[in-house]
Amino acid sequence: MTAAPAARLLHRHLRGQWPAMRRLALWSAVESLPAFASGLLLARAIDDGFLARRPLTGLGWLAALAVLQAVGALGTRRIYPWLAATVEPLRDSLVGAVVTGALRRTIDRVTGPASASGGAGAGISQVTEQAEAVRALLGTALRNVRQMLAAGIAALLGLTLLAPLPALTAAVSVTLALALFGALLGVQVRRYRTVVRDAERIGEAATEIVQGARDVVACAAEPRAARTVGEAVDAQAGALRAFARSRLVRLPVLALGVHLPLLALLALSPRLVEEHRLTTGQVAGGVSYLVTGLQPAMVLLVDAGGTLLLSLAVVLGRLAEVCAEPLRAPRVAAPVTATSYDLEAEHVTFAYSAEAAPVLADLSLHVPEGTHLAVVGPSGTGKSTLADVLAGLVRPQRGGVTLGKVPLPDLDEAQLRSAVVLIPQESYVFAGTLRENLTYLRPDAATADIDEAVDAIDLAGTVERLGGYDAAVPPGGGSLSQGERQLVTLARAYLSAAPVTILDEATCHLHPAAEARAERALAARGGTLIVIAHRISSAQRAQRVLLLDGSAPQLGTHETLLALSPLYAELVGHWRT
Ligand SMILES: Nc1ncnc2c1ncn2[C@@H]1O[C@H](COP(=O)(O)OP(=O)(O)OP(=O)(O)O)[C@@H](O)[C@H]1O
């Protein structure tokens with residue numbers, strides 16, 4: 001993002017405030033009168049008064065300065081209503097624009113393919129807070145930075161009238177300092193924005209982990225979770241250091257804009273007095289302009305002003321994105337709903353990286369609704385990968401998978417997850433009650449339905465041993481054996497009533513009889529059952545068998561493959577021994 005959208009946004013929303021801003025400028029001029037006249041009056045007080053041994057005259061000039069200070073204070077007092085008149089409508093106008101933008105974006109999200117998580121409320125409150133931040137930042141900038149800048153300009157003008165040559169030196173020096181500051185402001189804005197974004201990433205990473213704390217604990221993924229947040233924190237620390245380095249620009253800017261003009265005036269004062277007929281009072285007045293007018297203005301601009309400008313640029317940039325996004329974003333089609341559960345892979349090619357050889361190459365497969373399919377093949381031929389592709393967990397680089405003729409990426413995420421259930425070899429059993437574990441995929445299941453699933457999968461003995469459905473399952477499954485954990489996940493799949501169930505060696509820890517009972521129960525329950533086979537018996541039970549052998553997958557029945565495929569015959573022989 002460049003600063004242009006932020007500047008355009010500010011300009012658009014300040015357009016109606018020109019009358020108030022003109023009054024603001026007028027009273028700023030009045031407020032700066034003492035800064036403008038201070039050096040001139042001081043020079044007269046010294047030259048015509050104190051050095052001329054006329055102290056009353058000197059005091060008179062100083063009294064004139066005091067009167068001007070009072071006039072300046074009056075100007076300051078008159079500034080505040082116009083400050084409010086400039087800034088308050090800006091907030092209303094910005095809030096209106098960003099709320100409209102956020103609502104449009106939320107509507108797009110609700111009617112678009114992504115889920116509407118987060119809701120309109122969170123988004124709108126976030127952007128209205130940002131609009132409030134713009135109001136506060138601009139208010140501070142107009143109050144403090146404007147005041148100091150006006151005083152700095154007034155001091156330079158006063159110095160020009162008092163001593164043109166030092167004024168020229170100061171003007172050149174200040175211009176160079178401002179040019180350097182402006183040139184490096186972009187770097188600071190970019191680095192500050194990175195700091196803000198990295199801070200948001202820490203929040204996002206931590207929120208995800210807190211929301212999924214149960215899953216993190218169940219999978220013993222605490223070190224990984226800590227690493228994820230740690231990486232985000234390290235990234236922000238690096239960004240903060242880079243930003244701090246970019247702030248070092250204040251040193252040359254202050255040296256050029258403040259110290260150089262003062263040094264030049266002091267160093268050249270003997271020559272200025274001798275050759276340019278500057279009086280002592282004029283030199284003192286010049287020093288006063290530089291020290292009390294120019295120096296505070298430059299310091300404030302570089303320190304507070306710099307921070308304010310950075311914050312304003314970043315927050316305004318964010319608001320500009322919020323306002324512009326809905327207008328730029330094309331409206332996307334609503335998610336499609338599958339009406340049947342035929343699963344079809346068409347010319348699927350999948351590789352784990354651009355450099356790696358494809359695990360699946362141009363694979364086509366039709367699994368009509370209700371089919372019981374076994375997938376077999378030597379180790380490493382892509383059976384688990386195919387399971388992930390069919391479940392829509394990974395996307396093929398070429399080709400695609402459809403469910404009921406609808407490409408998986410077009411399906412509503414929630415519908416896809418409830419339509420296709422994949423049970424992996426590693427049982428996911430988490431800390432909670434046994435009931436919570438069993439109903440994980442169908443939280444509203446009635447006890448009678450749980451009873452049916454438990455009975456079908458033959459888990460009743462384990463339920464009894466643990467002390468019923470409300471018995472606590474400790475983190476990692478506690479005393480549950482590997483086989484019992486697999487039975488829990490199989491009962492969970494049974495209970496889910498998903499139209500497509502994929503078991504990826506999900507019965508490998510079961511006794512063959514228990515495996516047979518579970519597979520038969522899932523097949524009899526209705527829907528499609530795809531079993532990545534662990535034993536030959538799984539293939540024998542299935543209606544269809546897909547043999548993956550890397551080059552040319554073959555589909556058939558157990559009998560036809562046994563007759564036609566030497567590899568399949570070899571696998572069967574291997575399984576039987
Ligand atoms: N996440 C991954 N990143 C990179 N390569 C992977 C990944 N997962 C699997 N592979 C590789 O892809 C190939 C196929 O793996 P996959 O697990 O799908 O085979 P498989 O037939 O299920 O094997 P097995 O029967 O041993 O479980 C293997 O060479 C494997 O090393």
# chains A, B, ... in the order shown; residues from 1 in each chain; ligands from 1
>>> residues_near_ligand(ligand="ligand 1", cutoff="7 Å", atoms="only C-alpha atoms and all ligand atoms", output="PDB file with N, CA and C atoms, in the first residue's frame")
ATOM      1  N   TYR A 352       3.451 -33.602  -3.726  1.00  0.00           N
ATOM      2  CA  TYR A 352       3.568 -32.864  -2.470  1.00  0.00           C
ATOM      3  C   TYR A 352       4.352 -31.567  -2.623  1.00  0.00           C
ATOM      4  N   VAL A 359       2.512 -38.214  -6.728  1.00  0.00           N
ATOM      5  CA  VAL A 359       2.121 -39.457  -6.039  1.00  0.00           C
ATOM      6  C   VAL A 359       0.937 -40.074  -6.785  1.00  0.00           C
ATOM      7  N   GLY A 377      -2.555 -51.664  -2.208  1.00  0.00           N
ATOM      8  CA  GLY A 377      -1.351 -51.365  -2.979  1.00  0.00           C
ATOM      9  C   GLY A 377      -0.144 -51.420  -2.068  1.00  0.00           C
ATOM     10  N   PRO A 378       1.035 -51.555  -2.674  1.00  0.00           N
ATOM     11  CA  PRO A 378       2.253 -51.578  -1.866  1.00  0.00           C
ATOM     12  C   PRO A 378       2.408 -50.277  -1.093  1.00  0.00           C
ATOM     13  N   SER A 379       3.252 -50.320  -0.095  1.00  0.00           N
ATOM     14  CA  SER A 379       3.490 -49.157   0.742  1.00  0.00           C
ATOM     15  C   SER A 379       4.040 -47.999  -0.103  1.00  0.00           C
ATOM     16  N   GLY A 380       3.528 -46.807   0.156  1.00  0.00           N
ATOM     17  CA  GLY A 380       4.052 -45.609  -0.511  1.00  0.00           C
ATOM     18  C   GLY A 380       3.485 -45.357  -1.888  1.00  0.00           C
ATOM     19  N   THR A 381       2.426 -46.104  -2.285  1.00  0.00           N
ATOM     20  CA  THR A 381       1.887 -45.888  -3.632  1.00  0.00           C
ATOM     21  C   THR A 381       0.800 -44.810  -3.663  1.00  0.00           C
ATOM     22  N   GLY A 382       0.507 -44.216  -2.518  1.00  0.00           N
ATOM     23  CA  GLY A 382      -0.404 -43.068  -2.529  1.00  0.00           C
ATOM     24  C   GLY A 382      -1.809 -43.354  -2.023  1.00  0.00           C
ATOM     25  N   LYS A 383      -1.989 -44.414  -1.256  1.00  0.00           N
ATOM     26  CA  LYS A 383      -3.341 -44.749  -0.778  1.00  0.00           C
ATOM     27  C   LYS A 383      -3.863 -43.665   0.182  1.00  0.00           C
ATOM     28  N   SER A 384      -3.006 -43.284   1.146  1.00  0.00           N
ATOM     29  CA  SER A 384      -3.439 -42.229   2.094  1.00  0.00           C
ATOM     30  C   SER A 384      -3.613 -40.897   1.370  1.00  0.00           C
ATOM     31  N   THR A 385      -2.747 -40.658   0.410  1.00  0.00           N
ATOM     32  CA  THR A 385      -2.861 -39.410  -0.348  1.00  0.00           C
ATOM     33  C   THR A 385      -4.200 -39.373  -1.090  1.00  0.00           C
ATOM     34  N   LEU A 386      -4.571 -40.527  -1.689  1.00  0.00           N
ATOM     35  CA  LEU A 386      -5.853 -40.584  -2.393  1.00  0.00           C
ATOM     36  C   LEU A 386      -6.997 -40.324  -1.405  1.00  0.00           C
TER      37      LEU A 386
END
>>> residues_around(residues="A:Val367", least_positions_apart="2", cutoff="9 Å", atoms="only C-alpha atoms", output="JSON, numbers by chain")
{"A": [341, 342, 343, 344, 345, 365, 369, 370, 371, 372, 373, 528, 530]}
>>> write_last_selection(atoms="N, CA and C atoms", output="PDB file, in the first residue's frame")
ATOM      1  N   TYR A 341     -24.427 -38.287  -3.750  1.00  0.00           N
ATOM      2  CA  TYR A 341     -23.095 -38.492  -3.163  1.00  0.00           C
ATOM      3  C   TYR A 341     -22.215 -39.403  -4.000  1.00  0.00           C
ATOM      4  N   ASP A 342     -22.416 -39.354  -5.320  1.00  0.00           N
ATOM      5  CA  ASP A 342     -21.468 -40.028  -6.201  1.00  0.00           C
ATOM      6  C   ASP A 342     -20.137 -39.292  -6.086  1.00  0.00           C
ATOM      7  N   LEU A 343     -19.060 -40.070  -5.888  1.00  0.00           N
ATOM      8  CA  LEU A 343     -17.752 -39.448  -5.739  1.00  0.00           C
ATOM      9  C   LEU A 343     -16.953 -39.752  -6.996  1.00  0.00           C
ATOM     10  N   GLU A 344     -16.394 -38.719  -7.607  1.00  0.00           N
ATOM     11  CA  GLU A 344     -15.692 -38.947  -8.861  1.00  0.00           C
ATOM     12  C   GLU A 344     -14.386 -38.153  -8.907  1.00  0.00           C
ATOM     13  N   ALA A 345     -13.292 -38.891  -9.145  1.00  0.00           N
ATOM     14  CA  ALA A 345     -12.007 -38.222  -9.335  1.00  0.00           C
ATOM     15  C   ALA A 345     -11.719 -38.236 -10.835  1.00  0.00           C
ATOM     16  N   LEU A 365     -11.431 -42.064 -11.202  1.00  0.00           N
ATOM     17  CA  LEU A 365     -12.108 -43.087 -10.401  1.00  0.00           C
ATOM     18  C   LEU A 365     -13.538 -42.651 -10.150  1.00  0.00           C
ATOM     19  N   GLU A 369     -22.623 -43.670  -5.326  1.00  0.00           N
ATOM     20  CA  GLU A 369     -23.141 -43.591  -3.960  1.00  0.00           C
ATOM     21  C   GLU A 369     -23.493 -44.997  -3.463  1.00  0.00           C
ATOM     22  N   GLY A 370     -23.094 -45.323  -2.275  1.00  0.00           N
ATOM     23  CA  GLY A 370     -23.439 -46.618  -1.673  1.00  0.00           C
ATOM     24  C   GLY A 370     -22.412 -47.708  -1.917  1.00  0.00           C
ATOM     25  N   THR A 371     -21.331 -47.385  -2.663  1.00  0.00           N
ATOM     26  CA  THR A 371     -20.324 -48.410  -2.974  1.00  0.00           C
ATOM     27  C   THR A 371     -19.479 -48.727  -1.739  1.00  0.00           C
ATOM     28  N   HIS A 372     -19.081 -49.982  -1.639  1.00  0.00           N
ATOM     29  CA  HIS A 372     -18.094 -50.372  -0.621  1.00  0.00           C
ATOM     30  C   HIS A 372     -16.811 -50.708  -1.391  1.00  0.00           C
ATOM     31  N   LEU A 373     -15.820 -49.795  -1.282  1.00  0.00           N
ATOM     32  CA  LEU A 373     -14.591 -49.909  -2.080  1.00  0.00           C
ATOM     33  C   LEU A 373     -13.397 -50.122  -1.152  1.00  0.00           C
ATOM     34  N   THR A 528     -21.533 -44.533   1.261  1.00  0.00           N
ATOM     35  CA  THR A 528     -20.329 -45.069   0.618  1.00  0.00           C
ATOM     36  C   THR A 528     -19.273 -45.366   1.679  1.00  0.00           C
ATOM     37  N   ILE A 530     -15.222 -46.335   1.897  1.00  0.00           N
ATOM     38  CA  ILE A 530     -13.934 -46.544   1.222  1.00  0.00           C
ATOM     39  C   ILE A 530     -12.933 -46.952   2.302  1.00  0.00           C
TER      40      ILE A 530
END
>>> atom_distance(atom1="atom CA of A:Val500", atom2="atom CA of A:Glu519")
13.3 Å
>>> residues_around(residues="stretch 246-250 of chain A", least_positions_apart="5", cutoff="10 Å", atoms="only C-alpha atoms", output="list in words")
Ala177, Leu180, Phe181, Leu184, Leu185, Val187, Gln188, Val189, Arg191, Tyr192, Leu240, Arg241, Ala255, Leu256, Met298, Val299, Leu301, Val302, Asp303, Gly306 and Thr307 of chain A
>>> residues_around(residues="A:Leu312", least_positions_apart="3", cutoff="10 Å", atoms="only C-alpha atoms", output="JSON, numbers by chain")
{"A": [6, 7, 10, 130, 133, 134, 135, 136, 137, 138, 141, 189, 306, 307, 308, 309, 315, 316, 317, 318]}
>>> write_last_selection(atoms="N, CA and C atoms", output="PDB file, in the first residue's frame")
ATOM      1  N   ALA A   6      -4.580   6.537   1.442  1.00  0.00           N
ATOM      2  CA  ALA A   6      -4.849   7.143   2.744  1.00  0.00           C
ATOM      3  C   ALA A   6      -5.050   8.653   2.573  1.00  0.00           C
ATOM      4  N   ALA A   7      -4.172   9.277   1.754  1.00  0.00           N
ATOM      5  CA  ALA A   7      -4.278  10.724   1.539  1.00  0.00           C
ATOM      6  C   ALA A   7      -5.585  11.052   0.826  1.00  0.00           C
ATOM      7  N   LEU A  10      -8.469  10.836   3.275  1.00  0.00           N
ATOM      8  CA  LEU A  10      -8.485  11.986   4.180  1.00  0.00           C
ATOM      9  C   LEU A  10      -9.012  13.214   3.439  1.00  0.00           C
ATOM     10  N   GLN A 130     -11.051   2.184  14.545  1.00  0.00           N
ATOM     11  CA  GLN A 130      -9.989   2.787  13.747  1.00  0.00           C
ATOM     12  C   GLN A 130     -10.377   4.207  13.326  1.00  0.00           C
ATOM     13  N   ALA A 133      -9.762   6.312  16.129  1.00  0.00           N
ATOM     14  CA  ALA A 133      -8.317   6.545  16.265  1.00  0.00           C
ATOM     15  C   ALA A 133      -7.873   7.646  15.312  1.00  0.00           C
ATOM     16  N   VAL A 134      -8.415   7.658  14.083  1.00  0.00           N
ATOM     17  CA  VAL A 134      -8.062   8.717  13.126  1.00  0.00           C
ATOM     18  C   VAL A 134      -8.465  10.068  13.692  1.00  0.00           C
ATOM     19  N   ARG A 135      -9.675  10.131  14.275  1.00  0.00           N
ATOM     20  CA  ARG A 135     -10.145  11.400  14.840  1.00  0.00           C
ATOM     21  C   ARG A 135      -9.185  11.875  15.934  1.00  0.00           C
ATOM     22  N   ALA A 136      -8.823  10.942  16.830  1.00  0.00           N
ATOM     23  CA  ALA A 136      -7.952  11.330  17.945  1.00  0.00           C
ATOM     24  C   ALA A 136      -6.574  11.760  17.423  1.00  0.00           C
ATOM     25  N   LEU A 137      -6.041  10.980  16.461  1.00  0.00           N
ATOM     26  CA  LEU A 137      -4.709  11.291  15.945  1.00  0.00           C
ATOM     27  C   LEU A 137      -4.702  12.627  15.209  1.00  0.00           C
ATOM     28  N   LEU A 138      -5.755  12.828  14.386  1.00  0.00           N
ATOM     29  CA  LEU A 138      -5.802  14.075  13.622  1.00  0.00           C
ATOM     30  C   LEU A 138      -6.012  15.256  14.570  1.00  0.00           C
ATOM     31  N   ALA A 141      -2.740  15.943  16.082  1.00  0.00           N
ATOM     32  CA  ALA A 141      -1.846  16.530  15.076  1.00  0.00           C
ATOM     33  C   ALA A 141      -2.207  17.993  14.850  1.00  0.00           C
ATOM     34  N   VAL A 189       6.953   4.230   7.387  1.00  0.00           N
ATOM     35  CA  VAL A 189       5.550   3.807   7.298  1.00  0.00           C
ATOM     36  C   VAL A 189       5.484   2.311   7.009  1.00  0.00           C
ATOM     37  N   GLY A 306       6.315  12.764  13.757  1.00  0.00           N
ATOM     38  CA  GLY A 306       6.640  11.583  12.958  1.00  0.00           C
ATOM     39  C   GLY A 306       5.789  10.404  13.367  1.00  0.00           C
ATOM     40  N   THR A 307       5.685  10.176  14.678  1.00  0.00           N
ATOM     41  CA  THR A 307       4.890   9.049  15.161  1.00  0.00           C
ATOM     42  C   THR A 307       3.429   9.228  14.785  1.00  0.00           C
ATOM     43  N   LEU A 308       2.951  10.482  14.964  1.00  0.00           N
ATOM     44  CA  LEU A 308       1.551  10.748  14.629  1.00  0.00           C
ATOM     45  C   LEU A 308       1.287  10.515  13.144  1.00  0.00           C
ATOM     46  N   LEU A 309       2.204  11.040  12.315  1.00  0.00           N
ATOM     47  CA  LEU A 309       2.011  10.872  10.868  1.00  0.00           C
ATOM     48  C   LEU A 309       2.030   9.400  10.494  1.00  0.00           C
ATOM     49  N   VAL A 315      -3.241   3.789   9.956  1.00  0.00           N
ATOM     50  CA  VAL A 315      -4.660   3.568  10.257  1.00  0.00           C
ATOM     51  C   VAL A 315      -5.530   4.009   9.082  1.00  0.00           C
ATOM     52  N   LEU A 316      -5.176   5.157   8.478  1.00  0.00           N
ATOM     53  CA  LEU A 316      -5.952   5.609   7.319  1.00  0.00           C
ATOM     54  C   LEU A 316      -5.836   4.615   6.166  1.00  0.00           C
ATOM     55  N   GLY A 317      -4.621   4.050   6.007  1.00  0.00           N
ATOM     56  CA  GLY A 317      -4.434   3.042   4.961  1.00  0.00           C
ATOM     57  C   GLY A 317      -5.358   1.868   5.176  1.00  0.00           C
ATOM     58  N   ARG A 318      -5.478   1.434   6.442  1.00  0.00           N
ATOM     59  CA  ARG A 318      -6.376   0.327   6.774  1.00  0.00           C
ATOM     60  C   ARG A 318      -7.821   0.680   6.431  1.00  0.00           C
TER      61      ARG A 318
END
>>> closest_residue(among="A:Ile202, A:Ala84, A:Leu290, A:Ala460", to="A:Gly158", atoms="only C-alpha atoms")
A:Leu290
>>> residues_around(residues="stretch 438-451 of chain A", least_positions_apart="5", cutoff="8 Å", atoms="only C-alpha atoms", output="number ranges by chain")
A: 418, 488-489, 491-493, 495-496
>>> closest_residue(among="A:Ala199, A:Val473, A:Ala64, A:Val454", to="A:Asn437", atoms="only C-alpha atoms")
A:Val473
>>> select_by_dssp(residues="stretch 335-475 of chain A", states="strand (DSSP E or B)", output="VMD selection string")
chain A and resid 336 343 to 350 360 to 367 372 to 376 398 to 403 406 to 407 411 420 to 423 432 to 433 472 to 473
>>> closest_residue(among="A:Val210, A:Leu319, A:Leu422, A:Ala297", to="A:Asp504", atoms="only C-alpha atoms")
A:Leu422
>>> closest_residue(among="A:Glu31, A:Asp410, A:Asp388, A:Asp455", to="A:Ile79", atoms="only C-alpha atoms")
A:Glu31
>>> atom_distance(atom1="atom CA of A:Arg535", atom2="atom CA of A:Ser565")
17.5 Å
>>> residues_around(residues="A:Ile536", least_positions_apart="4", cutoff="10 Å", atoms="only C-alpha atoms", output="JSON, numbers by chain")
{"A": [374, 376, 540, 541, 558, 571, 572, 573, 574, 575, 576]}
>>> residues_around(residues="A:Thr292", least_positions_apart="4", cutoff="9 Å", atoms="only C-alpha atoms", output="ChimeraX atom specification")
/A:35,151-152,155,287-288,296-297
